[in-house]
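Just my_file30.tsv here, TSV, C-alpha atoms:
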chain	number	residue	atom	x	y	z
A	1	MET	CA	4.82	-17.08	-19.59
A	2	PRO	CA	2.35	-14.94	-17.58
A	3	HIS	CA	-1.34	-15.74	-17.96
A	4	SER	CA	-3.12	-13.20	-20.17
A	5	SER	CA	-5.32	-11.98	-17.29
A	6	THR	CA	-2.19	-10.76	-15.50
A	7	SER	CA	-1.35	-8.21	-18.23
A	8	ARG	CA	-1.60	-4.58	-17.23
A	9	PRO	CA	-1.41	-1.50	-19.47
A	10	GLY	CA	2.04	0.08	-19.27
A	11	ILE	CA	3.54	-2.88	-17.41
A	12	THR	CA	5.99	-5.17	-19.21
A	13	GLU	CA	5.97	-8.94	-18.88
A	14	GLU	CA	9.38	-8.56	-17.20
A	15	ASP	CA	7.83	-6.23	-14.56
A	16	ILE	CA	5.03	-8.75	-13.99
A	17	GLU	CA	7.55	-11.57	-13.61
A	18	GLU	CA	9.48	-9.54	-11.00
A	19	LEU	CA	6.24	-8.94	-9.12
A	20	ARG	CA	5.45	-12.68	-9.37
A	21	GLN	CA	8.84	-13.43	-7.77
A	22	ALA	CA	8.08	-10.96	-4.95
A	23	PHE	CA	4.64	-12.55	-4.49
A	24	ASN	CA	6.23	-16.01	-4.31
A	25	LEU	CA	8.49	-14.83	-1.47
A	26	PHE	CA	5.37	-14.07	0.58
A	27	ASP	CA	3.53	-17.23	-0.54
A	28	THR	CA	5.75	-19.55	1.50
A	29	ASP	CA	3.55	-22.65	1.15
A	30	GLY	CA	3.31	-22.21	-2.64
A	31	ASN	CA	-0.49	-22.50	-2.77
A	32	GLY	CA	-0.93	-19.37	-4.90
A	33	THR	CA	-2.21	-17.09	-2.13
A	34	ILE	CA	-0.82	-15.03	0.73
A	35	ASP	CA	-2.76	-15.81	3.89
A	36	PRO	CA	-2.65	-13.88	7.20
A	37	ASN	CA	0.08	-16.13	8.65
A	38	GLU	CA	2.31	-15.66	5.60
A	39	LEU	CA	1.77	-11.89	5.67
A	40	ARG	CA	2.57	-11.82	9.39
A	41	GLU	CA	5.78	-13.80	8.80
A	42	ALA	CA	6.81	-11.50	5.95
A	43	MET	CA	6.22	-8.43	8.13
A	44	ILE	CA	8.33	-9.95	10.93
A	45	ASN	CA	11.12	-10.69	8.43
A	46	LEU	CA	10.96	-7.09	7.21
A	47	GLY	CA	11.23	-5.83	10.79
A	48	ILE	CA	7.71	-4.39	10.74
A	49	GLU	CA	5.73	-4.57	13.96
A	50	ASN	CA	2.77	-6.78	13.22
A	51	LYS	CA	-0.50	-6.55	15.06
A	52	ASN	CA	-3.27	-8.98	14.13
A	53	HIS	CA	-5.82	-6.26	13.42
A	54	ILE	CA	-3.41	-4.54	11.01
A	55	ILE	CA	-2.68	-7.80	9.17
A	56	TYR	CA	-6.38	-8.58	8.78
A	57	GLN	CA	-7.09	-4.99	7.73
A	58	ILE	CA	-4.38	-5.19	5.04
A	59	ILE	CA	-5.77	-8.49	3.74
A	60	GLY	CA	-9.34	-7.17	3.88
A	61	ASP	CA	-8.42	-4.05	1.91
A	62	ILE	CA	-6.62	-6.01	-0.83
A	63	ASP	CA	-8.73	-9.21	-0.97
A	64	LYS	CA	-11.37	-8.36	-3.59
A	65	SER	CA	-12.63	-11.94	-3.81
A	66	GLY	CA	-13.39	-12.21	-0.09
A	67	SER	CA	-11.37	-15.42	0.25
A	68	GLY	CA	-9.44	-14.23	3.32
A	69	SER	CA	-6.14	-14.33	1.46
A	70	ILE	CA	-4.46	-12.43	-1.39
A	71	ASP	CA	-4.04	-14.12	-4.77
A	72	PHE	CA	-1.56	-12.98	-7.43
A	73	GLU	CA	-4.15	-10.94	-9.38
A	74	GLU	CA	-5.02	-8.97	-6.20
A	75	PHE	CA	-1.32	-8.55	-5.39
A	76	LEU	CA	-0.66	-7.35	-8.95
A	77	ASP	CA	-3.55	-4.88	-8.74
A	78	LEU	CA	-2.08	-3.48	-5.53
A	79	MET	CA	1.45	-3.24	-6.87
A	80	THR	CA	0.49	-1.66	-10.20
A	81	MET	CA	-2.28	0.53	-8.79
A	82	LYS	CA	-4.60	0.65	-11.77
A	83	VAL	CA	-5.56	4.29	-11.34
A	84	GLY	CA	-7.37	6.63	-13.65
A	85	GLY	CA	-11.11	6.88	-13.89
A	86	ASP	CA	-11.33	3.69	-11.84
A	87	THR	CA	-13.57	4.45	-8.84
A	88	ASP	CA	-12.39	1.33	-7.00
A	89	SER	CA	-8.84	2.68	-7.08
A	90	ARG	CA	-9.98	6.01	-5.66
A	91	GLU	CA	-11.89	4.17	-2.93
A	92	ASP	CA	-8.80	2.07	-2.20
A	93	MET	CA	-6.73	5.25	-1.91
A	94	GLU	CA	-9.29	6.64	0.55
A	95	LYS	CA	-8.83	3.51	2.69
A	96	VAL	CA	-5.05	3.98	2.66
A	97	PHE	CA	-5.43	7.69	3.43
A	98	ASN	CA	-7.63	6.81	6.41
A	99	LEU	CA	-4.93	4.47	7.75
A	100	PHE	CA	-2.70	7.56	8.00
A	101	ASP	CA	-5.47	9.95	9.14
A	102	ASP	CA	-6.29	7.99	12.29
A	103	ASP	CA	-7.56	11.10	14.11
A	104	ARG	CA	-10.06	11.65	11.26
A	105	THR	CA	-9.24	15.33	10.64
A	106	GLY	CA	-9.30	14.92	6.87
A	107	TYR	CA	-5.57	15.65	6.73
A	108	ILE	CA	-2.29	13.80	7.19
A	109	THR	CA	-0.14	15.77	9.61
A	110	ILE	CA	3.40	15.30	10.85
A	111	GLN	CA	1.93	13.59	13.93
A	112	ASN	CA	0.12	11.07	11.69
A	113	LEU	CA	3.33	10.36	9.77
A	114	LYS	CA	5.28	9.93	13.04
A	115	ARG	CA	2.75	7.34	14.21
A	116	VAL	CA	2.83	5.41	10.93
A	117	ALA	CA	6.64	5.47	10.83
A	118	LYS	CA	6.74	4.18	14.42
A	119	ASP	CA	4.14	1.47	13.63
A	120	LEU	CA	6.32	0.35	10.71
A	121	GLY	CA	9.46	0.36	12.86
A	122	GLU	CA	10.98	3.25	10.90
A	123	GLU	CA	13.02	5.89	12.68
A	124	MET	CA	12.60	9.15	10.80
A	125	SER	CA	13.54	12.63	11.93
A	126	ASP	CA	11.00	15.46	12.06
A	127	ALA	CA	12.93	17.08	9.19
A	128	GLU	CA	12.49	13.95	7.01
A	129	LEU	CA	8.79	13.75	7.82
A	130	LEU	CA	8.31	17.46	7.17
A	131	GLU	CA	10.04	17.08	3.80
A	132	MET	CA	7.56	14.32	2.90
A	133	ILE	CA	4.67	16.62	3.75
A	134	GLU	CA	6.18	19.56	1.86
A	135	ARG	CA	6.58	17.46	-1.30
A	136	ALA	CA	2.90	16.52	-1.31
A	137	ASP	CA	1.32	19.67	0.19
A	138	SER	CA	-0.02	21.69	-2.76
A	139	ASP	CA	-1.51	24.53	-0.70
A	140	LYS	CA	1.46	24.76	1.70
A	141	ASP	CA	-0.65	24.55	4.87
A	142	GLY	CA	1.67	21.97	6.48
A	143	GLN	CA	-0.67	19.02	6.07
A	144	ILE	CA	-1.75	16.70	3.28
A	145	CYS	CA	-5.39	16.63	2.18
A	146	PHE	CA	-6.83	13.61	0.37
A	147	GLU	CA	-6.46	15.22	-3.08
A	148	ASP	CA	-2.73	15.84	-2.46
A	149	PHE	CA	-2.33	12.27	-1.18
A	150	TYR	CA	-4.21	10.85	-4.17
A	151	SER	CA	-2.11	12.89	-6.59
A	152	ILE	CA	1.20	11.71	-5.08
A	153	MET	CA	0.13	8.08	-4.72
A	154	THR	CA	-1.23	7.72	-8.25
A	155	LYS	CA	1.83	8.95	-10.09
A	156	LYS	CA	2.98	6.19	-12.44
A	157	ILE	CA	5.39	3.81	-10.73
A	158	PHE	CA	6.30	2.00	-13.95
A	159	SER	CA	6.78	3.84	-17.22
Please express the file's structure as structure tokens.
Amino acid sequence: MPHSSTSRPGITEEDIEELRQAFNLFDTDGNGTIDPNELREAMINLGIENKNHIIYQIIGDIDKSGSGSIDFEEFLDLMTMKVGGDTDSREDMEKVFNLFDDDRTGYITIQNLKRVAKDLGEEMSDAELLEMIERADSDKDGQICFEDFYSIMTKKIFS
């Protein structure tokens, strides 16, 4: 039975158990944390190009305790994205937005999406990338501002 600290509003115990199983796939040594080597191995298995600085940036962005690895609570926070009036969540979203907006224009453009897709080993057509932008772009200027990104990313995943 999940520990009471793992409960999340709107998330069933069954959802938490599924996330625990996913976490355990990454935690190959079974010590209760995902360290940089385990994350790197998981990314390789998923066919995602892994560069050390990206792996350490991912861990740094998720690792609230500063331990250098991701425990289940941190993993659960990431996967359930506790968003609302939570300023930490908004700050976390800004970090993710900045991973896309590498040219620091304040917008995610089709060029930014192409780079991210390539970094992740995904082959996506311009039409597919443009459709992603169009779905999120509230003012129809062909690019995604932070508010649009935040709105799309904080829609409830579980209901």
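Of note, CA of Phe72 (chain A) and CA of Gly32 (chain A) are spaced 6.9 Å apart.
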Could you check which of A:Ser125, A:Ser138, A:Thr154, A:Thr33 is closest to Leu76 (chain A), using all atoms listed in the file?
-> A:Thr33
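If you look at CA of Lys51 (chain A) and CA of Met124 (chain A), they are 20.9 Å away from each other.
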For Lys95 (chain A), please output as a VMD selection string all residues within 12 Å (counting only C-alpha atoms; exclusion window: fewer than 6 positions along the same chain).
-> chain A and resid 57 to 58 60 to 62 88 to 89 101 to 102 104 146 149 to 150
For CA of Asp27 (chain A) and CA of Glu41 (chain A), quote the distance in Å rounded to one decimal.
->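 Straight-line distance from CA of Asp27 (chain A) to CA of Glu41 (chain A) works out to 10.2 Å.
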Nearest to Ser7 (chain A), chosen from A:Ile144, A:Thr80, A:Ala136, A:Leu99, with all atoms listed in the file counted in the distances |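 Checking each of A:Ile144, A:Thr80, A:Ala136, A:Leu99 against Ser7 (chain A), counting all atoms listed in the file, the winner is A:Thr80.
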Distance criterion (all atoms listed in the file): nearest to Gly66 (chain A) out of A:Asn24, A:Asp35, A:Ile133, A:Ile152 =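 The closest residue to Gly66 (chain A) is A:Asp35.
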Give as a ChimeraX atom specification the set of residues within 10 Å of the point (3.6, -11.9, 0.9), where distances use the file's coordinates and only C-alpha atoms.
-> /A:22-28,33-43,70-72,75
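Nearest residue to Ser69 (chain A), choosing from A:Glu13, A:Arg135, A:Arg115, A:Ile55 and counting only C-alpha atoms: A:Ile55.
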Near-Lys118 (chain A) list (12 Å; only C-alpha atoms; drop same-chain fewer than 2 positions) as an mmCIF file with C-alpha atoms, keeping the file's coordinate frame:
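Written file, part_38.cif:
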data_model
loop_
_atom_site.group_PDB
_atom_site.id
_atom_site.type_symbol
_atom_site.label_atom_id
_atom_site.label_comp_id
_atom_site.auth_asym_id
_atom_site.auth_seq_id
_atom_site.Cartn_x
_atom_site.Cartn_y
_atom_site.Cartn_z
ATOM 1 C CA GLY A 47 11.230 -5.830 10.790
ATOM 2 C CA ILE A 48 7.710 -4.390 10.740
ATOM 3 C CA GLU A 49 5.730 -4.570 13.960
ATOM 4 C CA ASN A 50 2.770 -6.780 13.220
ATOM 5 C CA PHE A 100 -2.700 7.560 8.000
ATOM 6 C CA GLN A 111 1.930 13.590 13.930
ATOM 7 C CA ASN A 112 0.120 11.070 11.690
ATOM 8 C CA LEU A 113 3.330 10.360 9.770
ATOM 9 C CA LYS A 114 5.280 9.930 13.040
ATOM 10 C CA ARG A 115 2.750 7.340 14.210
ATOM 11 C CA VAL A 116 2.830 5.410 10.930
ATOM 12 C CA LEU A 120 6.320 0.350 10.710
ATOM 13 C CA GLY A 121 9.460 0.360 12.860
ATOM 14 C CA GLU A 122 10.980 3.250 10.900
ATOM 15 C CA GLU A 123 13.020 5.890 12.680
ATOM 16 C CA MET A 124 12.600 9.150 10.800
ATOM 17 C CA SER A 125 13.540 12.630 11.930
ATOM 18 C CA LEU A 129 8.790 13.750 7.820
#
Which of A:Gln143, A:Leu78, A:Arg90, A:Phe97 sits closest to Lys64 (chain A) [using all atoms listed in the file] =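 Going through A:Gln143, A:Leu78, A:Arg90, A:Phe97 one by one, the smallest distance to Lys64 (chain A) is for A:Leu78.
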Of the candidates A:Asp29, A:Glu17, A:Asp148, A:Asp77, which shows the shortest atom-to-atom distance to Ile108 (chain A), using all atoms listed in the file?
-> A:Asp148
